[in-house]
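Trainee: What follows is a single structure, and I will ask about it in a moment.
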Amino acid sequence: MSPVQAIAANLAQIRERVARAAARSGRRADEITIVAVSKTFPADAIRIAFDAGLRHFGENRVQEFESKQTALAGLSGAAWHLIGHLQSNKARRAVHLFDRIDSVDSISLARKLDASAKEEQRTIRILIEVHLGGEETKSGVAPSGLWELATEIMLCPHLLLNGLMTIPPYYDEPSAARPFFAELRELRNDLARKLGVSLPILSMGMSHDFETAIEEGATEIRIGTALFGSRPTKE
Ligand SMILES: *Cc1c(COP(=O)(O)O)cnc(C)c1O
């Protein structure tokens, strides 16, 4: 099978599984956006996915995405998401390259993004990444810090908070992640009510657990390997 056929076949399967998970939970499949996670894959793979109809793409690293820029010229209507941890010193390049930053997890980063967006004379849409599950990682704000971060973001005129994102701990049995997805939904509902704004986006669920995430209210699922195949090398 050519890469074009393989990606088209994978996408058809993913759409089918999205539709079934949505139906099981009384939701419409068109409420759920597939974000194609193209990290480690070349720009060609992104073009193929674009031609197959996808418009949302997630990249983990500023530098890697920068290196794909020339090859991606002309994909109009695509939305580029930064989904990996962002260091404050790369905030400016990130604002320049991406349509949305899905991994905002600190006040200092939020302030840098706000200042960079101001320089570019735009507002930038963001998600707060919440760290659930308590294991050691470098990204995500703990639920206990969510309110302070969110209220700070609300004071940043060039940031537009769209919702929350999480990466739950990995379990072989995908349904084991269900409580974390449910927790993110509750945190979102609570935060939206307290802030008096709508936070429509819940970005949760990856190749291995997206059906469970959809059952718990995901509006965006981030799919890498199920679409593009296994990643070439370690990250
Ligand atoms: C790599 C990655 C994904 C996609 O993972 P798959 O298991 O390949 O679907 C989703 N979200 C984030 C933040 C990632 O880094």
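Letters for chains follow the order of the structure tokens (A, B, ...), residue numbers begin at 1 for each chain, and ligand numbers begin at 1 in the order shown.
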Would you list the contacts of region 121-123 of chain A as a PDB file with C-alpha atoms, in the first residue's frame, taking every protein, DNA or RNA residue within 10 Å and counting only C-alpha atoms, but skipping same-chain residues closer than 3 positions in sequence?
Mentor:
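Result file result33.pdb:
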ATOM      1  CA  VAL A  95       3.302  32.538  18.372  1.00  0.00           C
ATOM      2  CA  HIS A  96       4.728  33.221  14.961  1.00  0.00           C
ATOM      3  CA  ASP A  99      -2.544  29.020  15.332  1.00  0.00           C
ATOM      4  CA  ARG A 100      -3.088  27.624  18.777  1.00  0.00           C
ATOM      5  CA  LEU A 113       2.854  34.413  24.864  1.00  0.00           C
ATOM      6  CA  ASP A 114       0.714  37.460  25.540  1.00  0.00           C
ATOM      7  CA  ALA A 115       3.664  39.804  24.975  1.00  0.00           C
ATOM      8  CA  SER A 116       4.667  37.978  21.770  1.00  0.00           C
ATOM      9  CA  ALA A 117       1.115  38.050  20.424  1.00  0.00           C
ATOM     10  CA  LYS A 118       0.991  41.759  21.150  1.00  0.00           C
ATOM     11  CA  ILE A 126      -4.690  28.692  23.775  1.00  0.00           C
ATOM     12  CA  CYS A 156      -3.936  38.880  29.168  1.00  0.00           C
ATOM     13  CA  PRO A 157      -5.553  40.854  26.344  1.00  0.00           C
ATOM     14  CA  HIS A 158      -3.838  38.913  23.560  1.00  0.00           C
ATOM     15  CA  LEU A 159      -4.674  35.417  24.819  1.00  0.00           C
ATOM     16  CA  LEU A 160      -7.987  33.715  24.175  1.00  0.00           C
TER      17      LEU A 160
END
Trainee: Using only C-alpha atoms and all ligand atoms, which residues of the polymer chains come no farther than 6 Å from ligand 1? I'd like the answer as a list in words.
Mentor: Val37, Asn60, Ile83, Gly84, Met206, Ser207, His208, Arg222, Ile223, Gly224 and Thr225 of chain A
Trainee: For the strand (DSSP E or B) assignment from backbone DSSP, which residues of region 24-176 of chain A qualify? Please present them as a VMD selection string.
Mentor: chain A and resid 33 to 37 56 to 59 79 to 82 100 to 104 124 to 130 141 159 to 165
Trainee: Given the selection you just returned, output its residues as a file containing N, CA, C and O atoms, formatted as a tab-separated table (two decimals), in the first residue's frame.
Mentor:
chain	number	residue	atom	x	y	z
A	33	THR	N	-13.28	16.81	16.67
A	33	THR	CA	-12.25	17.18	15.69
A	33	THR	C	-11.03	16.27	15.85
A	33	THR	O	-10.55	16.07	16.96
A	34	ILE	N	-10.58	15.75	14.73
A	34	ILE	CA	-9.34	14.96	14.75
A	34	ILE	C	-8.16	15.91	14.52
A	34	ILE	O	-8.10	16.60	13.51
A	35	VAL	N	-7.24	15.92	15.48
A	35	VAL	CA	-5.99	16.66	15.31
A	35	VAL	C	-4.92	15.64	14.93
A	35	VAL	O	-4.62	14.72	15.70
A	36	ALA	N	-4.40	15.74	13.72
A	36	ALA	CA	-3.40	14.79	13.24
A	36	ALA	C	-2.05	15.15	13.83
A	36	ALA	O	-1.54	16.24	13.60
A	37	VAL	N	-1.49	14.23	14.61
A	37	VAL	CA	-0.22	14.53	15.28
A	37	VAL	C	0.93	14.05	14.40
A	37	VAL	O	1.19	12.86	14.26
A	56	HIS	N	-6.59	19.95	10.97
A	56	HIS	CA	-5.93	20.29	12.23
A	56	HIS	C	-4.71	19.39	12.41
A	56	HIS	O	-4.81	18.17	12.28
A	57	PHE	N	-3.59	20.04	12.72
A	57	PHE	CA	-2.33	19.31	12.85
A	57	PHE	C	-1.64	19.69	14.14
A	57	PHE	O	-1.60	20.88	14.50
A	58	GLY	N	-1.11	18.69	14.83
A	58	GLY	CA	-0.41	18.93	16.09
A	58	GLY	C	1.06	18.59	15.97
A	58	GLY	O	1.42	17.52	15.46
A	59	GLU	N	1.89	19.52	16.40
A	59	GLU	CA	3.34	19.29	16.42
A	59	GLU	C	3.83	19.50	17.84
A	59	GLU	O	3.30	20.33	18.58
A	79	ALA	N	-4.99	24.38	10.38
A	79	ALA	CA	-4.77	24.98	11.70
A	79	ALA	C	-3.66	24.20	12.38
A	79	ALA	O	-3.73	22.97	12.51
A	80	TRP	N	-2.64	24.94	12.82
A	80	TRP	CA	-1.44	24.32	13.40
A	80	TRP	C	-1.48	24.47	14.91
A	80	TRP	O	-1.56	25.58	15.43
A	81	HIS	N	-1.40	23.33	15.59
A	81	HIS	CA	-1.45	23.33	17.05
A	81	HIS	C	-0.09	22.93	17.61
A	81	HIS	O	0.46	21.91	17.21
A	82	LEU	N	0.38	23.69	18.58
A	82	LEU	CA	1.54	23.22	19.34
A	82	LEU	C	1.00	22.42	20.52
A	82	LEU	O	0.26	22.95	21.36
A	100	ARG	N	-2.64	27.80	17.39
A	100	ARG	CA	-3.09	27.62	18.78
A	100	ARG	C	-2.00	26.92	19.57
A	100	ARG	O	-1.33	26.03	19.06
A	101	ILE	N	-1.85	27.34	20.83
A	101	ILE	CA	-0.90	26.69	21.74
A	101	ILE	C	-1.74	25.89	22.74
A	101	ILE	O	-2.47	26.47	23.54
A	102	ASP	N	-1.62	24.57	22.66
A	102	ASP	CA	-2.50	23.70	23.45
A	102	ASP	C	-1.88	23.28	24.78
A	102	ASP	O	-2.49	22.50	25.52
A	103	SER	N	-0.69	23.78	25.08
A	103	SER	CA	0.06	23.25	26.22
A	103	SER	C	0.51	24.34	27.20
A	103	SER	O	1.57	24.24	27.78
A	104	VAL	N	-0.33	25.37	27.37
A	104	VAL	CA	0.05	26.45	28.29
A	104	VAL	C	-0.10	25.93	29.73
A	104	VAL	O	-1.15	25.40	30.10
A	124	ILE	N	-3.87	35.16	20.29
A	124	ILE	CA	-3.61	33.75	20.02
A	124	ILE	C	-4.48	32.90	20.92
A	124	ILE	O	-4.65	33.17	22.11
A	125	ARG	N	-5.07	31.89	20.30
A	125	ARG	CA	-5.94	30.98	21.05
A	125	ARG	C	-5.06	29.97	21.79
A	125	ARG	O	-4.03	29.54	21.27
A	126	ILE	N	-5.49	29.62	22.97
A	126	ILE	CA	-4.69	28.69	23.77
A	126	ILE	C	-5.60	27.69	24.52
A	126	ILE	O	-6.79	27.92	24.70
A	127	LEU	N	-4.99	26.61	24.93
A	127	LEU	CA	-5.59	25.70	25.91
A	127	LEU	C	-4.65	25.66	27.11
A	127	LEU	O	-3.44	25.84	26.97
A	128	ILE	N	-5.21	25.40	28.26
A	128	ILE	CA	-4.36	25.11	29.42
A	128	ILE	C	-4.18	23.60	29.48
A	128	ILE	O	-5.16	22.84	29.41
A	129	GLU	N	-2.92	23.16	29.60
A	129	GLU	CA	-2.67	21.74	29.81
A	129	GLU	C	-2.70	21.45	31.30
A	129	GLU	O	-1.95	22.04	32.07
A	130	VAL	N	-3.56	20.52	31.67
A	130	VAL	CA	-3.69	20.14	33.08
A	130	VAL	C	-3.03	18.79	33.27
A	130	VAL	O	-3.23	17.86	32.48
A	141	VAL	N	-0.21	21.95	34.31
A	141	VAL	CA	-0.40	22.57	35.62
A	141	VAL	C	-1.24	21.60	36.47
A	141	VAL	O	-2.12	20.92	35.95
A	159	LEU	N	-4.45	36.86	24.71
A	159	LEU	CA	-4.67	35.42	24.82
A	159	LEU	C	-6.16	35.14	24.88
A	159	LEU	O	-6.91	35.84	25.56
A	160	LEU	N	-6.58	34.12	24.15
A	160	LEU	CA	-7.99	33.72	24.17
A	160	LEU	C	-8.05	32.25	24.64
A	160	LEU	O	-7.63	31.35	23.91
A	161	LEU	N	-8.56	32.08	25.84
A	161	LEU	CA	-8.61	30.73	26.41
A	161	LEU	C	-9.80	29.96	25.83
A	161	LEU	O	-10.94	30.36	25.99
A	162	ASN	N	-9.49	28.85	25.17
A	162	ASN	CA	-10.53	28.04	24.51
A	162	ASN	C	-10.95	26.80	25.28
A	162	ASN	O	-11.97	26.20	24.97
A	163	GLY	N	-10.10	26.35	26.22
A	163	GLY	CA	-10.46	25.11	26.92
A	163	GLY	C	-9.25	24.47	27.57
A	163	GLY	O	-8.25	25.14	27.83
A	164	LEU	N	-9.36	23.16	27.79
A	164	LEU	CA	-8.34	22.43	28.53
A	164	LEU	C	-7.83	21.23	27.73
A	164	LEU	O	-8.55	20.67	26.90
A	165	MET	N	-6.62	20.84	28.03
A	165	MET	CA	-5.99	19.68	27.40
A	165	MET	C	-5.37	18.81	28.49
A	165	MET	O	-4.94	19.34	29.52
Trainee: So that I can see what lies close to Arg24 (chain A), please list as a ChimeraX atom specification the residues with an atom at most 10 Å from it, counting only C-alpha atoms and leaving out residues fewer than 6 positions away in the same chain.
Mentor: /A:18,211,214-215
Trainee: I'd like the contact shell of Gly134 (chain A) - 12 Å cut-off, only C-alpha atoms, skipping same-chain residues fewer than 3 positions apart - returned as a ChimeraX atom specification.
Mentor: /A:130-131,137-144,167-169,180
Trainee: What would the file look like if the residues just selected were written as an mmCIF file, in the first residue's frame with all heavy atoms?
Mentor:
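Output (selection.cif):
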data_model
loop_
_atom_site.group_PDB
_atom_site.id
_atom_site.type_symbol
_atom_site.label_atom_id
_atom_site.label_comp_id
_atom_site.auth_asym_id
_atom_site.auth_seq_id
_atom_site.Cartn_x
_atom_site.Cartn_y
_atom_site.Cartn_z
ATOM 1 N N VAL A 130 -3.559 20.521 31.675
ATOM 2 C CA VAL A 130 -3.693 20.144 33.079
ATOM 3 C C VAL A 130 -3.033 18.787 33.273
ATOM 4 O O VAL A 130 -3.228 17.857 32.481
ATOM 5 C CB VAL A 130 -5.176 20.067 33.508
ATOM 6 C CG1 VAL A 130 -5.281 19.748 34.990
ATOM 7 C CG2 VAL A 130 -5.899 21.378 33.198
ATOM 8 N N HIS A 131 -2.260 18.717 34.323
ATOM 9 C CA HIS A 131 -1.546 17.481 34.621
ATOM 10 C C HIS A 131 -2.336 16.684 35.652
ATOM 11 O O HIS A 131 -2.455 17.088 36.799
ATOM 12 C CB HIS A 131 -0.153 17.830 35.134
ATOM 13 C CG HIS A 131 0.612 16.631 35.540
ATOM 14 N ND1 HIS A 131 0.793 15.573 34.680
ATOM 15 C CD2 HIS A 131 1.217 16.308 36.687
ATOM 16 C CE1 HIS A 131 1.489 14.647 35.304
ATOM 17 N NE2 HIS A 131 1.752 15.062 36.519
ATOM 18 N N THR A 137 6.118 14.565 35.399
ATOM 19 C CA THR A 137 6.390 14.953 34.008
ATOM 20 C C THR A 137 6.716 16.423 34.035
ATOM 21 O O THR A 137 6.496 17.093 35.025
ATOM 22 C CB THR A 137 5.191 14.790 33.040
ATOM 23 O OG1 THR A 137 4.241 15.805 33.323
ATOM 24 C CG2 THR A 137 4.569 13.425 33.102
ATOM 25 N N LYS A 138 7.187 16.914 32.892
ATOM 26 C CA LYS A 138 7.564 18.318 32.904
ATOM 27 C C LYS A 138 6.434 19.223 32.431
ATOM 28 O O LYS A 138 6.575 20.426 32.444
ATOM 29 C CB LYS A 138 8.831 18.546 32.104
ATOM 30 C CG LYS A 138 8.773 18.091 30.651
ATOM 31 C CD LYS A 138 10.118 18.375 29.994
ATOM 32 C CE LYS A 138 10.398 17.715 28.687
ATOM 33 N NZ LYS A 138 9.450 17.465 27.700
ATOM 34 N N SER A 139 5.325 18.644 31.995
ATOM 35 C CA SER A 139 4.311 19.550 31.460
ATOM 36 C C SER A 139 2.961 19.412 32.136
ATOM 37 O O SER A 139 2.594 18.352 32.639
ATOM 38 C CB SER A 139 4.177 19.356 29.947
ATOM 39 O OG SER A 139 3.897 18.022 29.660
ATOM 40 N N GLY A 140 2.239 20.509 32.137
ATOM 41 C CA GLY A 140 0.898 20.536 32.705
ATOM 42 C C GLY A 140 0.868 21.205 34.064
ATOM 43 O O GLY A 140 1.792 21.057 34.864
ATOM 44 N N VAL A 141 -0.215 21.954 34.312
ATOM 45 C CA VAL A 141 -0.400 22.570 35.618
ATOM 46 C C VAL A 141 -1.235 21.601 36.469
ATOM 47 O O VAL A 141 -2.121 20.919 35.945
ATOM 48 C CB VAL A 141 -1.099 23.949 35.472
ATOM 49 C CG1 VAL A 141 -2.520 23.821 34.918
ATOM 50 C CG2 VAL A 141 -1.125 24.700 36.805
ATOM 51 N N ALA A 142 -0.921 21.518 37.750
ATOM 52 C CA ALA A 142 -1.722 20.664 38.635
ATOM 53 C C ALA A 142 -3.105 21.287 38.808
ATOM 54 O O ALA A 142 -3.251 22.508 38.713
ATOM 55 C CB ALA A 142 -1.036 20.537 39.994
ATOM 56 N N PRO A 143 -4.134 20.469 39.046
ATOM 57 C CA PRO A 143 -5.482 21.024 39.239
ATOM 58 C C PRO A 143 -5.495 22.130 40.296
ATOM 59 O O PRO A 143 -6.241 23.105 40.160
ATOM 60 C CB PRO A 143 -6.311 19.816 39.682
ATOM 61 C CG PRO A 143 -5.624 18.650 39.053
ATOM 62 C CD PRO A 143 -4.154 18.990 39.056
ATOM 63 N N SER A 144 -4.645 22.007 41.312
ATOM 64 C CA SER A 144 -4.623 23.016 42.374
ATOM 65 C C SER A 144 -4.129 24.383 41.877
ATOM 66 O O SER A 144 -4.398 25.403 42.507
ATOM 67 C CB SER A 144 -3.729 22.540 43.520
ATOM 68 O OG SER A 144 -2.419 22.312 43.017
ATOM 69 N N ILE A 167 -2.973 14.885 29.064
ATOM 70 C CA ILE A 167 -2.429 13.576 28.664
ATOM 71 C C ILE A 167 -2.481 12.718 29.924
ATOM 72 O O ILE A 167 -1.688 12.930 30.840
ATOM 73 C CB ILE A 167 -0.956 13.689 28.217
ATOM 74 C CG1 ILE A 167 -0.789 14.778 27.155
ATOM 75 C CG2 ILE A 167 -0.437 12.339 27.718
ATOM 76 C CD1 ILE A 167 0.679 15.121 26.865
ATOM 77 N N PRO A 168 -3.399 11.769 30.011
ATOM 78 C CA PRO A 168 -3.474 10.965 31.235
ATOM 79 C C PRO A 168 -2.320 9.975 31.306
ATOM 80 O O PRO A 168 -1.629 9.769 30.303
ATOM 81 C CB PRO A 168 -4.814 10.235 31.092
ATOM 82 C CG PRO A 168 -5.017 10.113 29.627
ATOM 83 C CD PRO A 168 -4.368 11.332 28.997
ATOM 84 N N PRO A 169 -2.108 9.358 32.455
ATOM 85 C CA PRO A 169 -1.095 8.304 32.529
ATOM 86 C C PRO A 169 -1.429 7.197 31.526
ATOM 87 O O PRO A 169 -2.584 7.004 31.177
ATOM 88 C CB PRO A 169 -1.228 7.762 33.959
ATOM 89 C CG PRO A 169 -1.992 8.783 34.713
ATOM 90 C CD PRO A 169 -2.834 9.524 33.727
ATOM 91 N N PHE A 180 -9.648 10.081 34.484
ATOM 92 C CA PHE A 180 -8.891 11.301 34.195
ATOM 93 C C PHE A 180 -9.621 12.157 33.162
ATOM 94 O O PHE A 180 -9.663 13.378 33.283
ATOM 95 C CB PHE A 180 -7.479 10.949 33.710
ATOM 96 C CG PHE A 180 -6.703 10.187 34.738
ATOM 97 C CD1 PHE A 180 -6.587 8.797 34.667
ATOM 98 C CD2 PHE A 180 -6.128 10.847 35.811
ATOM 99 C CE1 PHE A 180 -5.896 8.097 35.631
ATOM 100 C CE2 PHE A 180 -5.432 10.155 36.785
ATOM 101 C CZ PHE A 180 -5.319 8.766 36.701
#
Trainee: Of the residues A:Lys112, A:Arg178, A:Arg15, A:Arg27, which is the one nearest to Ala52 (chain A), using only C-alpha atoms?
Mentor: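 For Ala52 (chain A), the nearest of the candidates is A:Arg15.
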Trainee: Hey, which of A:Gln87, A:Gln69, A:Ser106, A:Thr151 ends up closest to Ala43 (chain A)? Count only C-alpha atoms.
Mentor: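 Smallest separation from Ala43 (chain A) among the options: A:Gln69.
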Trainee: Using DSSP on the backbone coordinates, identify all residues within chain A classified as alpha helix (DSSP H); present the result as JSON, numbers by chain.
Mentor: {"A": [3, 4, 5, 6, 7, 8, 9, 10, 11, 12, 13, 14, 15, 16, 17, 18, 19, 20, 21, 22, 23, 24, 43, 44, 45, 46, 47, 48, 49, 50, 51, 62, 63, 64, 65, 66, 67, 68, 91, 92, 93, 94, 95, 96, 97, 107, 108, 109, 110, 111, 112, 113, 114, 115, 116, 117, 118, 119, 143, 144, 145, 146, 147, 148, 149, 150, 151, 152, 153, 154, 178, 179, 180, 181, 182, 183, 184, 185, 186, 187, 188, 189, 190, 191, 192, 193, 194, 195, 210, 211, 212, 213, 214, 215, 225, 226, 227, 228]}
Trainee: So, with only C-alpha atoms as the atoms that count, which of A:Asp105, A:Asp209, A:Glu66, A:Glu16 lies closest to Glu173 (chain A)?
Mentor: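 Going through A:Asp105, A:Asp209, A:Glu66, A:Glu16 one by one, the smallest distance to Glu173 (chain A) is for A:Asp209.
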Trainee: Closest to Arg61 (chain A) among A:Ala94, A:Ala6, A:Gly77, A:Asp30, using only C-alpha atoms?
Mentor: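 Smallest distance to Arg61 (chain A) is found for A:Ala94.
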Trainee: Record the distance separating CA of Ala8 (chain A) and CA of Arg55 (chain A), expressed in Å with one decimal.
Mentor: 14.1 Å
Trainee: Name the residues in contact with Leu195 (chain A) at a cut-off of 10 Å, using only C-alpha atoms, excluding same-chain residues fewer than 2 positions from it; report them as a PyMOL selection string.
Mentor: chain A and resi 147+150-151+154+190-193+197-199
Trainee: Here is a test: counting only C-alpha atoms, which residue of A:Gln63, A:Leu132, A:Gly217, A:Tyr171 is nearest to Phe98 (chain A)?
Mentor: A:Gln63
Trainee: By how many Å are CA of Lys39 (chain A) and CA of Ala71 (chain A) apart?
Mentor: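 Between CA of Lys39 (chain A) and CA of Ala71 (chain A) the gap is 14.6 Å.
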